[in-house]
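Novice: Sending over a structure as structure tokens; questions will come in a sec.
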Amino acid sequence: MTLALFLGVLIGAILLGLPVAFALLLSSLGLMLHLDTFSVDIMAQSLINGIDSFPLLAIPFFLVAGEVMAVGGLSKRIVRLATSLLGHRKGGLGYVAIFTSVLLAGLSGSAVADAAALVSILYPMMKQSGYPEGRSLGLLAAGGIIAPVIPPSLPLIVLGVAGNISIAKLFIGGIAPGLMMGAALMITWAITTRNEDLATAPRANAAERWAALRDGVWALIMPILIIGGIRSGIVTPTEAAVVAAVY
């Protein structure tokens with residue numbers, strides 16, 4: 001009876017559109033009232049204990065780092081670097097989108113933030129160059145989901161906290177699968193565009209590539225700081241998030 005009541009209130013709250021966290025809170029409140037064990041002190045203590053987690057502090061700091069990166073123009077510098085290296089190939093903007101998504105994944109850790117940055121910068125370029133709208137948006141969306149795999153991945157932080165798993169090991173373990181996702185997208189894009197006449201950017205010369213690399217090198221150093229610091233034991237994942245935000 002009590003379990004049925006809990007599940008009924010939980011499912012009803014979710015169907016009404018409440019966020020999962022508030023739905024769980026409401027169902028727990030209903031269960032406590034049903035069992036006549038309601039206590040404001042218990043509720044407050046449970047809420048505080050639930051958010052009192054040092055590892056979870058990494059999430060807001062990585063979000064801050066990603067937001068500063070976007071507002072400060074690092075995203076555009078990364079796009080410029082990728083364009084100078086890959087833009088001259090057939091369907092070059094697609095390769096630029098994939099390369100950029102892999103680099104951005106190592107900076108923000110948020111799929112939504114990466115997808116927003118990719119769409120805001122690259123979609124107008126792809127549309128203006130005559131790329132198919134559906135395929136362009138699909139590619140940008142697929143590139144955005146690399147972020148939850150490559151460190152600093154926010155879902156991996158939550159998984160590590162919830163499952164009492166080493167976040168550092170999760171980060172290290174996510175590097176290879178993330179790069180494989182990027183490579184798979186590259187191969188798929190090459191196959192689907194091999195018979196299409198898609199616009200390409202002019203081939204960049206050595207001076208232009210060097211200028212793009214010089215502007216983007218500060219963004220490329222950040223993943224090295226994060227992974228290198230964690231792998232060497234100098235910082236914890238939470239401390240690495242603070243370093244990333246300050247950097």
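As shown in the structure tokens, the chain order sets the letters A, B, ...; within each chain, residues go from 1, and ligands are also counted from 1 in the order they appear.
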Neighbouring residues of stretch 189-200 of chain A were defined as those with any atom within 12 Å, considering only C-alpha atoms; residues of the same chain fewer than 3 positions away were excluded. Please report them as JSON, numbers by chain.

Specialist: {"A": [83, 84, 85, 86, 87, 88, 89, 90, 91, 92, 93, 94, 95, 96, 97, 98, 125, 126, 127, 128, 129, 130, 131, 132, 135, 136, 138, 139, 140, 142, 143, 182, 183, 184, 185, 186, 203, 204]}

Novice: Any chance you can output those residues with N, CA and C atoms as an mmCIF file, in the first residue's frame?

Specialist:
data_model
loop_
_atom_site.group_PDB
_atom_site.id
_atom_site.type_symbol
_atom_site.label_atom_id
_atom_site.label_comp_id
_atom_site.auth_asym_id
_atom_site.auth_seq_id
_atom_site.Cartn_x
_atom_site.Cartn_y
_atom_site.Cartn_z
ATOM 1 N N THR A 83 38.515 25.266 -39.027
ATOM 2 C CA THR A 83 38.297 25.651 -40.421
ATOM 3 C C THR A 83 39.613 25.748 -41.182
ATOM 4 N N SER A 84 40.642 26.276 -40.544
ATOM 5 C CA SER A 84 41.936 26.397 -41.214
ATOM 6 C C SER A 84 42.553 25.030 -41.501
ATOM 7 N N LEU A 85 42.212 24.027 -40.689
ATOM 8 C CA LEU A 85 42.790 22.693 -40.875
ATOM 9 C C LEU A 85 41.961 21.812 -41.800
ATOM 10 N N LEU A 86 40.616 21.926 -41.728
ATOM 11 C CA LEU A 86 39.757 20.971 -42.424
ATOM 12 C C LEU A 86 38.749 21.608 -43.374
ATOM 13 N N GLY A 87 38.645 22.933 -43.356
ATOM 14 C CA GLY A 87 37.597 23.587 -44.134
ATOM 15 C C GLY A 87 37.709 23.412 -45.635
ATOM 16 N N HIS A 88 38.901 23.112 -46.156
ATOM 17 C CA HIS A 88 39.087 23.011 -47.603
ATOM 18 C C HIS A 88 38.659 21.664 -48.171
ATOM 19 N N ARG A 89 38.366 20.690 -47.320
ATOM 20 C CA ARG A 89 37.945 19.380 -47.799
ATOM 21 C C ARG A 89 36.501 19.445 -48.307
ATOM 22 N N LYS A 90 36.100 18.450 -49.115
ATOM 23 C CA LYS A 90 34.710 18.396 -49.564
ATOM 24 C C LYS A 90 33.804 18.212 -48.340
ATOM 25 N N GLY A 91 32.776 19.042 -48.248
ATOM 26 C CA GLY A 91 31.936 19.016 -47.052
ATOM 27 C C GLY A 91 32.709 19.462 -45.825
ATOM 28 N N GLY A 92 33.631 20.403 -46.034
ATOM 29 C CA GLY A 92 34.574 20.775 -44.980
ATOM 30 C C GLY A 92 33.928 21.283 -43.711
ATOM 31 N N LEU A 93 32.801 22.008 -43.820
ATOM 32 C CA LEU A 93 32.167 22.538 -42.618
ATOM 33 C C LEU A 93 31.647 21.421 -41.715
ATOM 34 N N GLY A 94 31.310 20.280 -42.313
ATOM 35 C CA GLY A 94 30.904 19.133 -41.497
ATOM 36 C C GLY A 94 32.060 18.611 -40.663
ATOM 37 N N TYR A 95 33.230 18.508 -41.288
ATOM 38 C CA TYR A 95 34.418 18.086 -40.534
ATOM 39 C C TYR A 95 34.782 19.116 -39.471
ATOM 40 N N VAL A 96 34.602 20.381 -39.810
ATOM 41 C CA VAL A 96 34.857 21.439 -38.826
ATOM 42 C C VAL A 96 33.927 21.284 -37.632
ATOM 43 N N ALA A 97 32.659 20.972 -37.881
ATOM 44 C CA ALA A 97 31.690 20.797 -36.795
ATOM 45 C C ALA A 97 32.088 19.637 -35.882
ATOM 46 N N ILE A 98 32.526 18.530 -36.474
ATOM 47 C CA ILE A 98 32.901 17.359 -35.667
ATOM 48 C C ILE A 98 34.166 17.639 -34.872
ATOM 49 N N MET A 125 26.697 29.306 -41.042
ATOM 50 C CA MET A 125 27.714 29.120 -42.074
ATOM 51 C C MET A 125 27.323 27.984 -43.020
ATOM 52 N N MET A 126 26.818 26.880 -42.451
ATOM 53 C CA MET A 126 26.442 25.728 -43.268
ATOM 54 C C MET A 126 25.224 26.048 -44.122
ATOM 55 N N LYS A 127 24.264 26.785 -43.557
ATOM 56 C CA LYS A 127 23.068 27.148 -44.314
ATOM 57 C C LYS A 127 23.419 28.080 -45.463
ATOM 58 N N GLN A 128 24.289 29.044 -45.198
ATOM 59 C CA GLN A 128 24.700 29.996 -46.234
ATOM 60 C C GLN A 128 25.474 29.305 -47.349
ATOM 61 N N SER A 129 26.191 28.226 -47.013
ATOM 62 C CA SER A 129 26.990 27.514 -48.006
ATOM 63 C C SER A 129 26.194 26.464 -48.758
ATOM 64 N N GLY A 130 24.889 26.330 -48.463
ATOM 65 C CA GLY A 130 24.045 25.414 -49.208
ATOM 66 C C GLY A 130 24.013 23.995 -48.688
ATOM 67 N N TYR A 131 24.424 23.765 -47.462
ATOM 68 C CA TYR A 131 24.358 22.424 -46.886
ATOM 69 C C TYR A 131 22.905 22.071 -46.576
ATOM 70 N N PRO A 132 22.496 20.793 -46.744
ATOM 71 C CA PRO A 132 21.114 20.397 -46.422
ATOM 72 C C PRO A 132 20.801 20.707 -44.955
ATOM 73 N N ARG A 135 20.382 17.549 -42.499
ATOM 74 C CA ARG A 135 21.643 16.856 -42.255
ATOM 75 C C ARG A 135 22.589 17.709 -41.414
ATOM 76 N N SER A 136 22.581 19.012 -41.653
ATOM 77 C CA SER A 136 23.450 19.905 -40.884
ATOM 78 C C SER A 136 23.065 19.901 -39.409
ATOM 79 N N GLY A 138 21.335 17.624 -37.850
ATOM 80 C CA GLY A 138 21.584 16.296 -37.295
ATOM 81 C C GLY A 138 23.036 16.098 -36.924
ATOM 82 N N LEU A 139 23.924 16.596 -37.774
ATOM 83 C CA LEU A 139 25.356 16.466 -37.488
ATOM 84 C C LEU A 139 25.739 17.283 -36.255
ATOM 85 N N LEU A 140 25.220 18.505 -36.149
ATOM 86 C CA LEU A 140 25.535 19.347 -35.002
ATOM 87 C C LEU A 140 24.987 18.747 -33.709
ATOM 88 N N ALA A 142 24.465 15.502 -33.199
ATOM 89 C CA ALA A 142 25.272 14.312 -32.914
ATOM 90 C C ALA A 142 26.625 14.700 -32.327
ATOM 91 N N GLY A 143 27.199 15.804 -32.817
ATOM 92 C CA GLY A 143 28.463 16.257 -32.253
ATOM 93 C C GLY A 143 28.316 16.723 -30.814
ATOM 94 N N GLY A 182 33.888 10.694 -32.257
ATOM 95 C CA GLY A 182 34.266 11.701 -33.233
ATOM 96 C C GLY A 182 34.750 11.082 -34.534
ATOM 97 N N ALA A 183 35.574 10.024 -34.426
ATOM 98 C CA ALA A 183 36.069 9.355 -35.627
ATOM 99 C C ALA A 183 34.932 8.707 -36.415
ATOM 100 N N ALA A 184 33.973 8.108 -35.710
ATOM 101 C CA ALA A 184 32.827 7.479 -36.378
ATOM 102 C C ALA A 184 31.997 8.524 -37.122
ATOM 103 N N LEU A 185 31.829 9.705 -36.530
ATOM 104 C CA LEU A 185 31.098 10.775 -37.208
ATOM 105 C C LEU A 185 31.851 11.245 -38.446
ATOM 106 N N MET A 186 33.178 11.341 -38.342
ATOM 107 C CA MET A 186 33.987 11.733 -39.494
ATOM 108 C C MET A 186 33.797 10.747 -40.658
ATOM 109 N N ARG A 203 41.635 26.892 -49.115
ATOM 110 C CA ARG A 203 42.702 26.241 -48.354
ATOM 111 C C ARG A 203 43.547 27.305 -47.644
ATOM 112 N N ALA A 204 43.700 27.136 -46.356
ATOM 113 C CA ALA A 204 44.489 28.098 -45.577
ATOM 114 C C ALA A 204 45.972 27.838 -45.798
#

Novice: So which residues of stretch 65-198 of chain A fall under alpha helix (DSSP H) by DSSP, listed as a ChimeraX atom specification?

Specialist: /A:65-72,74-86,92-105,111-128,133-144,154-163,167-192

Novice: Between atom CA of A:Ser101 and atom CA of A:Asp114, measure the distance and give it in Å to one decimal.

Specialist: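 Between these atoms lies a distance of 6.8 Å.
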
Novice: Counting only C-alpha atoms, what is within 12 Å of stretch 160-171 of chain A, bar same-chain residues fewer than 4 positions away, as a short mmCIF file (atom, residue, chain, number, x, y, z; two decimals) with C-alpha atoms, in the first residue's frame?

Specialist:
data_model
loop_
_atom_site.label_atom_id
_atom_site.label_comp_id
_atom_site.auth_asym_id
_atom_site.auth_seq_id
_atom_site.Cartn_x
_atom_site.Cartn_y
_atom_site.Cartn_z
CA GLY A 50 21.58 15.49 -0.44
CA ILE A 51 23.39 18.56 -1.74
CA ASP A 52 26.25 18.57 0.75
CA SER A 53 28.71 16.90 -1.62
CA PHE A 54 32.20 18.19 -2.39
CA PRO A 55 32.50 16.28 -5.70
CA LEU A 56 29.23 17.79 -6.96
CA LEU A 57 30.79 21.25 -6.68
CA ALA A 58 32.67 20.38 -9.88
CA ILE A 59 29.45 20.76 -11.89
CA GLY A 106 36.94 18.75 -23.43
CA GLY A 109 31.35 18.84 -20.29
CA ALA A 147 30.36 16.10 -24.39
CA PRO A 148 28.81 13.65 -21.86
CA VAL A 149 31.54 11.12 -22.70
CA ILE A 150 34.78 13.11 -22.97
CA PRO A 151 35.97 14.62 -19.68
CA PRO A 152 35.11 16.89 -17.98
CA SER A 153 31.72 15.19 -18.38
CA LEU A 154 28.99 16.41 -16.03
CA PRO A 155 27.00 13.13 -16.22
CA LEU A 156 30.15 11.20 -15.28
CA ILE A 175 38.67 9.76 -23.44
CA ALA A 176 38.95 6.84 -25.90
CA PRO A 177 35.17 6.32 -26.41
CA GLY A 178 34.71 10.05 -27.01
CA PRO A 223 41.86 19.89 -21.33
CA ILE A 226 42.25 19.17 -16.36
CA ILE A 227 43.25 15.63 -17.35
CA GLY A 228 46.94 16.10 -16.55
CA GLY A 229 46.19 17.53 -13.12
CA ILE A 230 43.77 14.74 -12.25
CA ARG A 231 45.92 11.95 -13.72
CA SER A 232 49.03 13.14 -11.86
CA GLY A 233 47.14 13.45 -8.57
CA ILE A 234 47.90 17.16 -8.21
CA VAL A 235 44.19 18.08 -8.08
CA THR A 236 40.89 16.31 -7.52
CA PRO A 237 38.13 16.58 -10.16
CA THR A 238 36.44 19.32 -8.11
CA GLU A 239 39.69 21.24 -7.76
CA ALA A 240 40.29 20.77 -11.50
#

Novice: Which residue gives the smallest distance to A:Arg77 among A:Ala21, A:Ile172, A:Thr100, A:Ser46, with only C-alpha atoms counted?

Specialist: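 The shortest atom-to-atom distance to A:Arg77 comes from A:Thr100.
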
Novice: In Å, how far is it from atom CA of A:Ala207 to atom CA of A:Leu103?

Specialist: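 Answer for the atom CA of A:Ala207 to atom CA of A:Leu103 separation: 22.0 Å.
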
Novice: Residues within 9 Å of A:Ala141, please, as a list in words. Count only C-alpha atoms; anything in the same chain fewer than 4 positions from it doesn't count.

Specialist: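 Listed by chain and then number, they are Ala111, Ala115, Leu118, Val119, Ser136, Leu137 and Ile145 of chain A.
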